[in-house]
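Undergrad: Sharing start.cif here; it has mmCIF, C-alpha atoms and all ligand atoms.
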```cif
data_start
#
loop_
_atom_site.label_atom_id
_atom_site.label_comp_id
_atom_site.auth_asym_id
_atom_site.auth_seq_id
_atom_site.Cartn_x
_atom_site.Cartn_y
_atom_site.Cartn_z
CA THR J 1 11.90 18.40 13.62
CA LEU J 2 11.89 14.80 12.56
CA ARG J 3 10.85 12.36 15.29
CA VAL J 4 12.81 9.11 15.19
CA LEU J 5 11.72 6.17 17.35
CA THR J 6 12.79 2.58 17.83
CA GLY J 7 12.72 -0.22 20.40
CA ILE J 8 14.50 -3.47 21.14
CA THR J 9 12.77 -6.45 22.74
CA THR J 10 14.35 -7.34 26.08
CA SER J 11 14.33 -11.08 25.63
CA GLY J 12 18.04 -11.80 25.26
CA THR J 13 21.61 -10.54 25.09
CA PRO J 14 22.13 -7.85 22.43
CA HIS J 15 23.93 -9.20 19.36
CA LEU J 16 25.69 -7.78 16.31
CA GLY J 17 22.38 -7.75 14.37
CA ASN J 18 20.68 -5.50 16.95
CA TYR J 19 23.76 -3.32 16.99
CA VAL J 20 24.03 -2.65 13.26
CA GLY J 21 20.25 -2.75 12.65
CA ALA J 22 19.07 -0.54 15.50
CA ILE J 23 21.65 0.64 18.03
CA ARG J 24 24.30 2.16 15.77
CA PRO J 25 21.89 4.03 13.46
CA THR J 26 20.00 5.50 16.43
CA VAL J 27 23.17 6.69 18.11
CA ILE J 28 24.17 8.41 14.87
CA ALA J 29 20.69 9.93 14.46
CA SER J 30 20.77 11.19 18.06
CA ARG J 31 23.77 13.36 17.17
CA THR J 32 22.11 14.86 14.12
CA ALA J 33 20.55 18.28 14.44
CA GLY J 34 16.83 18.50 13.75
CA MET J 35 16.15 14.93 14.93
CA GLU J 36 14.21 14.12 18.07
CA GLY J 37 14.94 10.59 19.28
CA TYR J 38 12.71 8.18 21.23
CA TYR J 39 14.52 4.97 22.08
CA PHE J 40 13.13 2.32 24.35
CA LEU J 41 13.40 -1.13 25.86
CA ALA J 42 10.43 -3.17 24.67
CA ASP J 43 9.84 -5.18 27.84
CA TYR J 44 6.09 -5.63 27.34
CA HIS J 45 6.97 -7.27 24.02
CA ALA J 46 9.52 -9.44 25.81
CA LEU J 47 6.76 -11.13 27.84
CA ILE J 48 5.49 -12.75 24.65
CA LYS J 49 8.65 -14.80 24.19
CA THR J 50 9.93 -15.18 27.74
CA GLY J 51 6.79 -16.41 29.51
CA GLY J 52 7.76 -17.61 32.96
CA ASP J 53 11.32 -16.27 32.97
CA PRO J 54 11.27 -12.90 34.78
CA ALA J 55 15.01 -12.98 35.53
CA ARG J 56 15.75 -13.15 31.80
CA VAL J 57 13.64 -10.06 31.09
CA GLN J 58 15.41 -8.13 33.85
CA ARG J 59 18.87 -9.21 32.76
CA SER J 60 18.17 -8.41 29.13
CA THR J 61 16.71 -4.99 29.98
CA LEU J 62 19.90 -4.13 31.81
CA GLU J 63 22.14 -5.44 29.00
CA ILE J 64 20.31 -3.64 26.22
CA ALA J 65 20.16 -0.36 28.15
CA ALA J 66 23.89 -0.59 28.94
CA THR J 67 24.67 -1.37 25.30
CA TRP J 68 22.81 1.68 24.04
CA ILE J 69 24.61 3.99 26.46
CA ALA J 70 28.02 2.34 25.88
CA ALA J 71 27.51 2.75 22.13
CA GLY J 72 27.30 6.49 22.70
CA LEU J 73 23.63 7.33 23.21
CA ASP J 74 23.35 10.50 25.28
CA PRO J 75 20.16 10.18 27.35
CA GLU J 76 20.09 13.96 27.78
CA ARG J 77 19.68 14.51 24.05
CA VAL J 78 17.00 11.88 23.48
CA THR J 79 14.09 10.29 25.33
CA PHE J 80 15.40 6.94 26.54
CA TYR J 81 12.90 4.81 28.45
CA ARG J 82 11.44 1.47 29.34
CA GLN J 83 8.16 0.66 27.59
CA SER J 84 6.55 -0.72 30.78
CA ASP J 85 7.18 2.58 32.60
CA ILE J 86 4.57 4.17 30.33
CA PRO J 87 1.13 2.84 31.37
CA GLU J 88 -0.48 4.89 28.59
CA ILE J 89 0.98 2.46 26.05
CA PRO J 90 -1.26 -0.49 26.95
CA GLU J 91 -4.18 1.94 27.08
CA LEU J 92 -3.46 3.14 23.55
CA THR J 93 -2.99 -0.50 22.52
CA TRP J 94 -6.62 -1.12 23.45
CA PHE J 95 -7.88 1.88 21.44
CA LEU J 96 -5.95 0.62 18.45
CA THR J 97 -7.05 -3.00 18.97
CA CYS J 98 -10.62 -1.85 18.49
CA VAL J 99 -9.92 -0.30 15.06
CA CYS J 100 -7.62 -3.07 13.84
CA GLY J 101 -9.04 -5.75 11.57
CA LYS J 102 -8.40 -9.30 12.74
CA GLY J 103 -7.48 -10.21 9.16
CA LEU J 104 -4.59 -7.75 9.24
CA LEU J 105 -3.13 -9.54 12.26
CA ASN J 106 -3.69 -12.96 10.68
CA ARG J 107 -1.17 -11.92 8.02
CA ALA J 108 1.65 -10.91 10.41
CA HIS J 109 4.74 -12.99 9.54
CA ALA J 110 5.67 -14.13 13.07
CA TYR J 111 2.11 -15.18 13.95
CA LYS J 112 1.57 -16.81 10.56
CA ALA J 113 4.80 -18.79 10.84
CA ALA J 114 3.76 -20.17 14.25
CA VAL J 115 0.27 -21.05 13.02
CA ASP J 116 1.50 -22.61 9.75
CA LYS J 117 3.86 -24.79 11.74
CA ASN J 118 0.95 -26.03 13.84
CA ARG J 119 -1.17 -26.71 10.77
CA ALA J 120 1.68 -28.68 9.20
CA ALA J 121 1.81 -30.73 12.41
CA GLY J 122 -1.92 -31.46 12.06
CA LEU J 123 -3.22 -29.16 14.83
CA THR J 124 -6.49 -27.31 14.19
CA GLU J 125 -7.05 -23.62 14.88
CA ASP J 126 -8.78 -24.44 18.18
CA GLU J 127 -5.79 -26.45 19.29
CA ASP J 128 -3.07 -23.94 18.36
CA ALA J 129 -0.23 -24.78 20.71
CA GLY J 130 2.38 -22.21 21.68
CA VAL J 131 0.45 -19.36 20.04
CA SER J 132 -0.59 -16.85 22.69
CA ALA J 133 -3.04 -14.05 22.10
CA GLY J 134 -0.03 -11.86 22.91
CA LEU J 135 1.78 -13.09 19.82
CA PHE J 136 -1.32 -12.31 17.78
CA MET J 137 -1.56 -8.78 19.27
CA TYR J 138 2.17 -8.06 18.94
CA PRO J 139 1.79 -5.65 15.97
CA VAL J 140 -0.88 -3.58 17.76
CA LEU J 141 1.32 -3.09 20.82
CA MET J 142 4.13 -2.06 18.47
CA ALA J 143 1.81 0.37 16.67
CA ALA J 144 0.98 1.95 20.05
CA ASP J 145 4.71 2.38 20.76
CA ILE J 146 5.18 4.26 17.52
CA LEU J 147 1.93 6.24 17.38
CA MET J 148 2.09 7.41 21.02
CA PHE J 149 4.96 9.72 20.05
CA ASN J 150 3.82 10.35 16.49
CA ALA J 151 7.17 9.18 15.15
CA HIS J 152 7.98 10.00 11.53
CA ARG J 153 10.85 7.55 11.09
CA VAL J 154 11.43 4.13 12.60
CA PRO J 155 14.97 2.80 12.03
CA VAL J 156 14.79 -1.01 12.00
CA GLY J 157 16.18 -4.09 10.30
CA ARG J 158 14.32 -5.58 7.36
CA ASP J 159 12.43 -8.10 9.53
CA GLN J 160 10.39 -5.29 11.11
CA ILE J 161 9.13 -3.58 7.92
CA GLN J 162 5.79 -5.38 7.95
CA HIS J 163 5.12 -4.21 11.51
CA ILE J 164 5.69 -0.57 10.55
CA GLU J 165 3.34 -0.96 7.59
CA MET J 166 0.72 -2.37 9.94
CA ALA J 167 1.21 0.60 12.27
CA ARG J 168 0.48 2.87 9.30
CA ASP J 169 -2.69 0.93 8.45
CA ILE J 170 -3.89 1.00 12.05
CA ALA J 171 -3.13 4.74 12.34
CA ALA J 172 -5.05 5.42 9.14
CA SER J 173 -8.10 3.47 10.42
CA PHE J 174 -8.08 5.42 13.68
CA ASN J 175 -7.67 8.75 11.90
CA HIS J 176 -10.51 7.85 9.57
CA LEU J 177 -12.88 7.21 12.48
CA TYR J 178 -11.78 9.85 14.97
CA GLY J 179 -9.90 12.60 13.10
CA GLU J 180 -6.23 13.20 12.26
CA HIS J 181 -4.54 12.24 15.53
CA PHE J 182 -1.67 10.17 14.20
CA THR J 183 1.27 10.75 11.87
CA LEU J 184 1.81 7.83 9.49
CA PRO J 185 5.27 6.41 10.32
CA GLU J 186 7.86 5.17 7.83
CA ALA J 187 10.46 2.44 8.26
CA GLN J 188 14.05 3.58 7.83
CA ILE J 189 16.27 0.78 6.55
CA GLU J 190 20.01 0.91 6.21
CA GLU J 191 20.44 -1.18 3.07
CA THR J 192 23.94 -2.57 3.69
CA VAL J 193 22.98 -4.00 7.09
CA ALA J 194 19.22 -4.58 6.74
CA THR J 195 19.67 -8.28 7.50
CA LEU J 196 22.92 -9.20 9.15
CA PRO J 197 23.52 -12.94 8.77
CA GLY J 198 24.41 -15.09 11.76
CA LEU J 199 26.93 -17.91 12.21
CA ASP J 200 24.96 -20.30 9.98
CA GLY J 201 24.22 -17.75 7.22
CA ARG J 202 20.54 -17.28 8.17
CA LYS J 203 19.42 -13.95 9.67
CA MET J 204 21.22 -13.39 12.97
CA SER J 205 18.48 -13.96 15.51
CA LYS J 206 17.94 -15.03 19.10
CA SER J 207 15.39 -17.54 17.82
CA TYR J 208 17.92 -19.28 15.54
CA ASP J 209 20.61 -19.45 18.21
CA ASN J 210 23.17 -18.21 15.67
CA THR J 211 24.10 -14.89 17.22
CA ILE J 212 27.35 -13.21 18.11
CA PRO J 213 26.75 -11.31 21.38
CA LEU J 214 28.11 -7.79 21.13
CA PHE J 215 30.12 -7.80 24.35
CA THR J 216 31.32 -11.35 24.37
CA PRO J 217 34.95 -11.51 25.67
CA ARG J 218 37.61 -11.10 22.94
CA GLU J 219 38.73 -14.75 23.02
CA GLN J 220 35.13 -15.92 22.74
CA LEU J 221 34.52 -13.44 19.91
CA LYS J 222 37.47 -14.99 18.04
CA LYS J 223 36.06 -18.47 18.57
CA LEU J 224 32.59 -17.50 17.38
CA ILE J 225 34.00 -15.83 14.27
CA ALA J 226 36.01 -18.97 13.55
CA GLY J 227 32.67 -20.81 13.54
CA ILE J 228 31.04 -18.67 10.82
CA LYS J 229 29.96 -21.01 8.05
CA THR J 230 32.08 -20.83 4.87
CA ASP J 231 32.35 -23.10 1.85
CA SER J 232 35.18 -25.60 1.50
CA ARG J 233 37.33 -23.69 -1.00
CA ALA J 234 41.01 -23.99 -0.24
CA PRO J 235 43.46 -21.10 0.17
CA GLY J 236 44.39 -19.76 -3.27
CA GLU J 237 41.00 -20.63 -4.78
CA PRO J 238 38.87 -17.55 -5.64
CA LYS J 239 35.94 -17.05 -3.22
CA ASP J 240 32.42 -15.71 -3.78
CA THR J 241 31.38 -12.58 -1.89
CA GLU J 242 27.78 -13.25 -2.93
CA GLY J 243 26.07 -15.20 -0.14
CA SER J 244 29.13 -15.06 2.10
CA ALA J 245 28.00 -14.34 5.68
CA LEU J 246 31.60 -13.51 6.56
CA PHE J 247 31.75 -10.86 3.84
CA GLN J 248 28.42 -9.32 4.79
CA ILE J 249 29.34 -9.00 8.46
CA TYR J 250 32.71 -7.55 7.43
CA GLU J 251 30.96 -4.94 5.32
CA ALA J 252 28.93 -3.81 8.35
CA PHE J 253 32.10 -3.06 10.33
CA ALA J 254 34.54 -1.85 7.67
CA THR J 255 35.01 1.33 5.67
CA PRO J 256 34.00 1.16 1.97
CA GLU J 257 37.72 1.04 1.03
CA GLU J 258 38.33 -1.89 3.38
CA THR J 259 35.32 -3.69 1.93
CA ALA J 260 36.65 -3.13 -1.61
CA GLN J 261 40.00 -4.55 -0.49
CA LEU J 262 38.42 -7.67 0.94
CA ARG J 263 36.43 -8.10 -2.28
CA ARG J 264 39.74 -8.17 -4.19
CA ALA J 265 41.24 -10.54 -1.63
CA TYR J 266 38.28 -12.90 -2.14
CA ALA J 267 38.91 -12.88 -5.90
CA GLU J 268 42.59 -13.58 -5.27
CA GLY J 269 41.75 -16.55 -3.05
CA ILE J 270 42.35 -15.33 0.50
CA ALA J 271 42.35 -18.20 3.03
CA TRP J 272 39.18 -18.35 5.18
CA GLY J 273 41.28 -18.25 8.34
CA GLN J 274 42.87 -15.01 7.25
CA ALA J 275 39.54 -13.44 6.28
CA LYS J 276 38.19 -14.35 9.72
CA GLU J 277 41.19 -12.74 11.38
CA LEU J 278 40.44 -9.52 9.45
CA LEU J 279 36.80 -9.64 10.49
CA PHE J 280 37.78 -10.05 14.14
CA GLU J 281 40.00 -6.96 13.90
CA ARG J 282 37.23 -4.83 12.39
CA ILE J 283 34.63 -5.83 14.98
CA ASP J 284 37.04 -5.52 17.87
CA ARG J 285 38.15 -2.07 16.66
CA GLU J 286 34.57 -0.84 16.93
CA ILE J 287 33.53 -2.63 20.12
CA ALA J 288 36.69 -2.42 22.25
CA PRO J 289 36.27 1.29 23.18
CA MET J 290 32.75 0.55 24.50
CA ARG J 291 33.63 -2.43 26.69
CA GLU J 292 34.63 -0.52 29.80
CA THR J 293 31.54 1.70 29.88
CA TYR J 294 29.35 -1.35 29.29
CA GLN J 295 30.86 -3.26 32.20
CA ALA J 296 30.69 -0.26 34.53
CA LEU J 297 26.97 0.14 33.79
CA ILE J 298 26.25 -3.56 34.28
CA ASP J 299 28.09 -3.41 37.62
CA HIS J 300 26.14 -0.31 38.71
CA PRO J 301 22.58 -0.82 37.52
CA GLU J 302 21.36 2.01 39.76
CA ARG J 303 22.86 4.52 37.30
CA LEU J 304 20.87 3.02 34.45
CA GLU J 305 17.79 2.91 36.64
CA GLU J 306 18.07 6.67 37.22
CA MET J 307 18.47 7.36 33.51
CA LEU J 308 15.44 5.23 32.68
CA LYS J 309 13.27 6.84 35.33
CA ALA J 310 14.18 10.31 34.07
CA GLY J 311 13.46 9.09 30.53
CA ALA J 312 10.05 7.74 31.54
CA ALA J 313 9.11 11.08 33.12
CA LYS J 314 10.13 12.85 29.91
CA ALA J 315 8.15 10.40 27.77
CA ARG J 316 5.06 10.70 29.95
CA ARG J 317 5.07 14.49 29.58
CA ILE J 318 3.95 13.67 26.03
CA ALA J 319 2.08 10.39 26.59
CA THR J 320 -0.20 11.55 29.42
CA PRO J 321 -1.75 14.61 27.76
CA PHE J 322 -1.88 12.88 24.37
CA THR J 323 -3.74 9.91 25.84
CA ALA J 324 -6.17 12.30 27.56
CA LYS J 325 -6.85 13.85 24.17
CA LEU J 326 -7.42 10.41 22.64
CA ARG J 327 -9.74 9.35 25.48
CA HIS J 328 -11.81 12.40 24.72
CA ALA J 329 -11.75 11.66 20.99
CA VAL J 330 -13.10 8.12 21.42
CA GLY J 331 -15.76 9.23 23.92
CA LEU J 332 -14.32 8.28 27.31
CA ARG J 333 -14.35 10.27 30.53
CA ASP J 334 -11.52 12.71 31.32
CA LEU J 335 -9.38 11.19 34.12
CA ARG J 336 -8.02 14.42 35.53
P1 LIG Z 401 14.13 -7.04 17.99
O1 LIG Z 401 14.33 -6.91 19.45
O2 LIG Z 401 13.92 -8.40 17.44
O3 LIG Z 401 15.33 -6.39 17.24
C1 LIG Z 401 15.75 -5.06 17.53
C2 LIG Z 401 16.23 -4.39 16.25
O4 LIG Z 401 17.34 -5.10 15.72
C3 LIG Z 401 17.08 -5.39 14.36
N1 LIG Z 401 17.70 -6.68 14.01
C4 LIG Z 401 18.49 -6.85 12.96
N2 LIG Z 401 18.93 -5.99 12.03
C5 LIG Z 401 19.74 -6.47 11.08
N3 LIG Z 401 20.13 -7.77 11.03
C6 LIG Z 401 19.72 -8.67 11.94
N4 LIG Z 401 20.12 -9.94 11.90
C7 LIG Z 401 18.85 -8.22 12.98
N5 LIG Z 401 18.24 -8.81 14.04
C8 LIG Z 401 17.53 -7.85 14.66
C9 LIG Z 401 15.56 -5.47 14.25
O5 LIG Z 401 15.12 -5.29 12.93
C10 LIG Z 401 15.15 -4.36 15.16
O6 LIG Z 401 15.22 -3.11 14.48
N6 LIG Z 401 9.35 -5.63 17.53
C11 LIG Z 401 10.71 -5.14 17.67
C12 LIG Z 401 10.88 -4.23 18.87
C13 LIG Z 401 9.91 -3.12 18.91
C14 LIG Z 401 9.93 -1.95 18.08
C15 LIG Z 401 8.81 -1.17 18.50
C16 LIG Z 401 10.76 -1.51 17.05
C17 LIG Z 401 8.85 -3.00 19.74
N7 LIG Z 401 8.19 -1.84 19.50
C18 LIG Z 401 8.53 0.04 17.88
C19 LIG Z 401 10.46 -0.29 16.45
C20 LIG Z 401 9.35 0.48 16.86
C21 LIG Z 401 11.65 -6.33 17.84
O7 LIG Z 401 11.27 -7.37 18.35
O8 LIG Z 401 12.93 -6.09 17.52
#
```
For the structure just supplied, provide its representation as C-alpha cells.
TA:
Amino acid sequence: TLRVLTGITTSGTPHLGNYVGAIRPTVIASRTAGMEGYYFLADYHALIKTGGDPARVQRSTLEIAATWIAAGLDPERVTFYRQSDIPEIPELTWFLTCVCGKGLLNRAHAYKAAVDKNRAAGLTEDEDAGVSAGLFMYPVLMAADILMFNAHRVPVGRDQIQHIEMARDIAASFNHLYGEHFTLPEAQIEETVATLPGLDGRKMSKSYDNTIPLFTPREQLKKLIAGIKTDSRAPGEPKDTEGSALFQIYEAFATPEETAQLRRAYAEGIAWGQAKELLFERIDREIAPMRETYQALIDHPERLEEMLKAGAAKARRIATPFTAKLRHAVGLRDLR
C-alpha cells in the first residue's frame, strides 16, 4: 500500500487554494484502493504565525476539519487527526533537529524571505525582528509529521515542494547515522492547480490577504469574484488566457471541455463580467452540495471532536511504538 499524508496549517479560514491544492486531491486519494491516507490539522505549525491568538487557532482548526469532512473525507477510511494530539511528533522533531544541518534551514524560503527583509531594512542577524526560532525550525517539524508515518507521497501545492525535499534530506541523514528507519517521501503535485492565483493574481495565500474563502456566502462569493484582477480590454476584444487569474481559477473548477470552451470565448472577446459569471457558476456547482454539512459540523463541534480523538488514537497506534523504536535506535531509555 501507498501511504499518502498531508496537513494544513490551522492559522486561518480555508480558501480555494487549500481546497484545490490539498483538500480535493486527498479526498480523491482516500477513495482509491491501495492508498492509506494520513490527513491532519497542523496546529503546532499554526503557533508560528498566530502567536498570541489562541482563539484564531481554535476557530481555524474547527473550520479546516469541517471543510475536509464536508468535502467528502471519510474518517473511517483514513487516519484524520490533529497534530498536537500526537506528543510523539515534537519528540521526533528533536531527534531530527539533531541530525539537521543549520545551513539547510538557512535556505528555507519562508525563513530566508523574513531574514532578507530584515537585512534590507538594515537589521543585523542579532537583531532579527519577527523571526522566531519556530519559523527557523518549521521544516524540521514538518519532516517529523511526514516521517512519523513513513509516508510515500505528500500531496501539496507548489509552495511546499522545498519542505518535502528537506524532509528527504533529513530522513537520509538520520538513516545514515542510525539505520534505515525512514522512507524517503515524495511531493505529489497536481500540475493544473499547483499554484492557484488569488484576487490580485499572486499566489492565493492568507499572508497576501487575497483569498477567496471556500464557504463564503454565495452573495459574498459573487462579490469576491467580481474583484478578481483583469486587464482593461473591452467586451469584443480578444483576451489572453496566459497570466489570467480568472482563467486559471476557472480551470481548477471546470471540466476540460468547459475550459476549452472558455479558451475559445477568450479569443472571441468575451466580456469580463460574463467570464466572472461563468466562474461563479463553476465554483458554486462544486461547493454548494458541501455547504449544509459544513455548517452542521461548525454548529456541532463535538462531532468533529469525537472524530479527531478517534483519529489521534489510530495515529498513536503507529506513532507510539515507532517512537519507542527510534528512542532505542538513538540510545535513549525505553519508556515502557
Ligand atoms: P498551508 O496550510 O499553507 O497550505 C495547505 C495546503 O494548501 C496548499 N496551498 C495551495 N495550493 C495551490 N494554490 C494555492 N494558492 C495554495 N495555497 C496553499 C499548500 O501547498 C498546502 O498543500 N506546511 C504546510 C502544512 C504542513 C504539511 C505538513 C503539509 C505541516 N506539516 C506535512 C504536508 C506534510 C502549510 O503550511 O500548508
Undergrad: Please identify all polymer residues within 7 Å of region 108-118 of chain J, counting all atoms listed in the file, omitting same-chain residues fewer than 5 positions from it, and present them as a list in words.
TA: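 Non-adjacent residues within range: Leu123, Asp128, Val131, Leu135 and Phe136 of chain J.
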Undergrad: For Met142 (chain J), which residue among J:Tyr19, J:Phe182, J:Tyr44, J:Phe247 is the nearest when counting all atoms listed in the file?
TA: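 Smallest distance to Met142 (chain J) is found for J:Tyr44.
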Undergrad: Neighbours of ligand LIG 401 (chain Z) at 9 Å or closer, counting all atoms listed in the file: which residues, as a ChimeraX atom specification?
TA: /J:5-12,14-23,39-46,83,138-139,141-146,154-161,163-164,187,189-190,193-198,202-206,211
Undergrad: Just give me the gap between CA of Leu104 (chain J) and CA of Met166 (chain J) in Å, one decimal is fine.
TA: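 Taking CA of Leu104 (chain J) and CA of Met166 (chain J), their separation equals 7.6 Å.
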Undergrad: May I ask which of the residues J:Gln261, J:Thr93, J:Asn150, J:Thr61 is the closest one to Arg3 (chain J), counting all atoms listed in the file?
TA: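 Nearest candidate to Arg3 (chain J) out of J:Gln261, J:Thr93, J:Asn150, J:Thr61: J:Asn150.
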Undergrad: Excluding same-chain residues fewer than 4 positions from Ala171 (chain J), what lies within 8 Å of it counting all atoms listed in the file, as a list in words?
TA: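 Residues meeting the cut-off are Leu96, Ala143, Leu147, Ala167, Asn175, Phe182, Thr183 and Leu184 of chain J.
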Undergrad: So how many Å separate CA of Thr26 (chain J) and CA of Ala71 (chain J), to one decimal?
TA: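 Atom-to-atom, CA of Thr26 (chain J) and CA of Ala71 (chain J) are spaced 9.8 Å apart.
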Undergrad: Considering all atoms listed in the file, state which residue in the set J:Met148, J:Gly179, J:Trp272, J:Phe215 is at the smallest distance from Pro87 (chain J).
TA: J:Met148
Undergrad: Which polymer residues have any atom within 7 Å of an atom of region 287-295 of chain J, counting only C-alpha atoms, with same-chain residues fewer than 3 positions away left out, as an MDAnalysis selection string?
TA: chainID J and resid 66:67 70:71 215 283:284 298:299
Undergrad: Which protein, DNA or RNA residues have an atom at most 9 Å from (29.2, -18.1, 0.8), counting all atoms listed in the file? List them as an NGL selection string.
TA: :J and (201 or 229-231 or 239-247)
Undergrad: Please provide as JSON, numbers by chain all residues within 9 Å of Phe95 (chain J), with the sequence filter that same-chain residues fewer than 3 positions apart are discarded (counting only C-alpha atoms).
TA: {"J": [90, 91, 92, 98, 99, 144, 174, 326, 327, 330]}
Undergrad: Please provide the set of residues having any atom within 10 Å of Thr216 (chain J), restricted to all atoms listed in the file, with same-chain residues fewer than 3 positions apart removed, written as a list in words.
TA: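 So the residues in contact are Thr13, His15, Ile212, Pro213, Glu219, Gln220, Leu221, Lys222, Leu224, Ile287 and Arg291 of chain J.
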Undergrad: Using all atoms listed in the file, which residue out of J:Asp126, J:Glu180, J:Glu88, J:Glu36 lies closest to Glu76 (chain J)?
TA: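 Checking each candidate against Glu76 (chain J), we get J:Glu36 as the closest.
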Undergrad: So, with only C-alpha atoms as the atoms that count, which of J:Pro301, J:Pro217, J:Pro321, J:Gly101 lies closest to Glu63 (chain J)?
TA: J:Pro301
Undergrad: What is the CA of His181 (chain J) to CA of Gln162 (chain J) distance in Å?
TA: 21.8 Å
Undergrad: Could you work out an axis-aligned bounding box for all listed atoms of region 4-13 of chain J, with 5 Å added on each of the six sides, and give its centre and edge lengths in Å to one decimal, as JSON?
TA:
```
{"center_x": 16.7, "center_y": -1.3, "center_z": 20.6, "size_x": 19.9, "size_y": 30.9, "size_z": 20.9}
```
Undergrad: Which is closer to Arg107 (chain J) than all the others in J:Leu73, J:Glu165, J:Phe149, J:Ala65, using all atoms listed in the file?
TA: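 Answer, going by the shortest atom-to-atom distance: J:Glu165.
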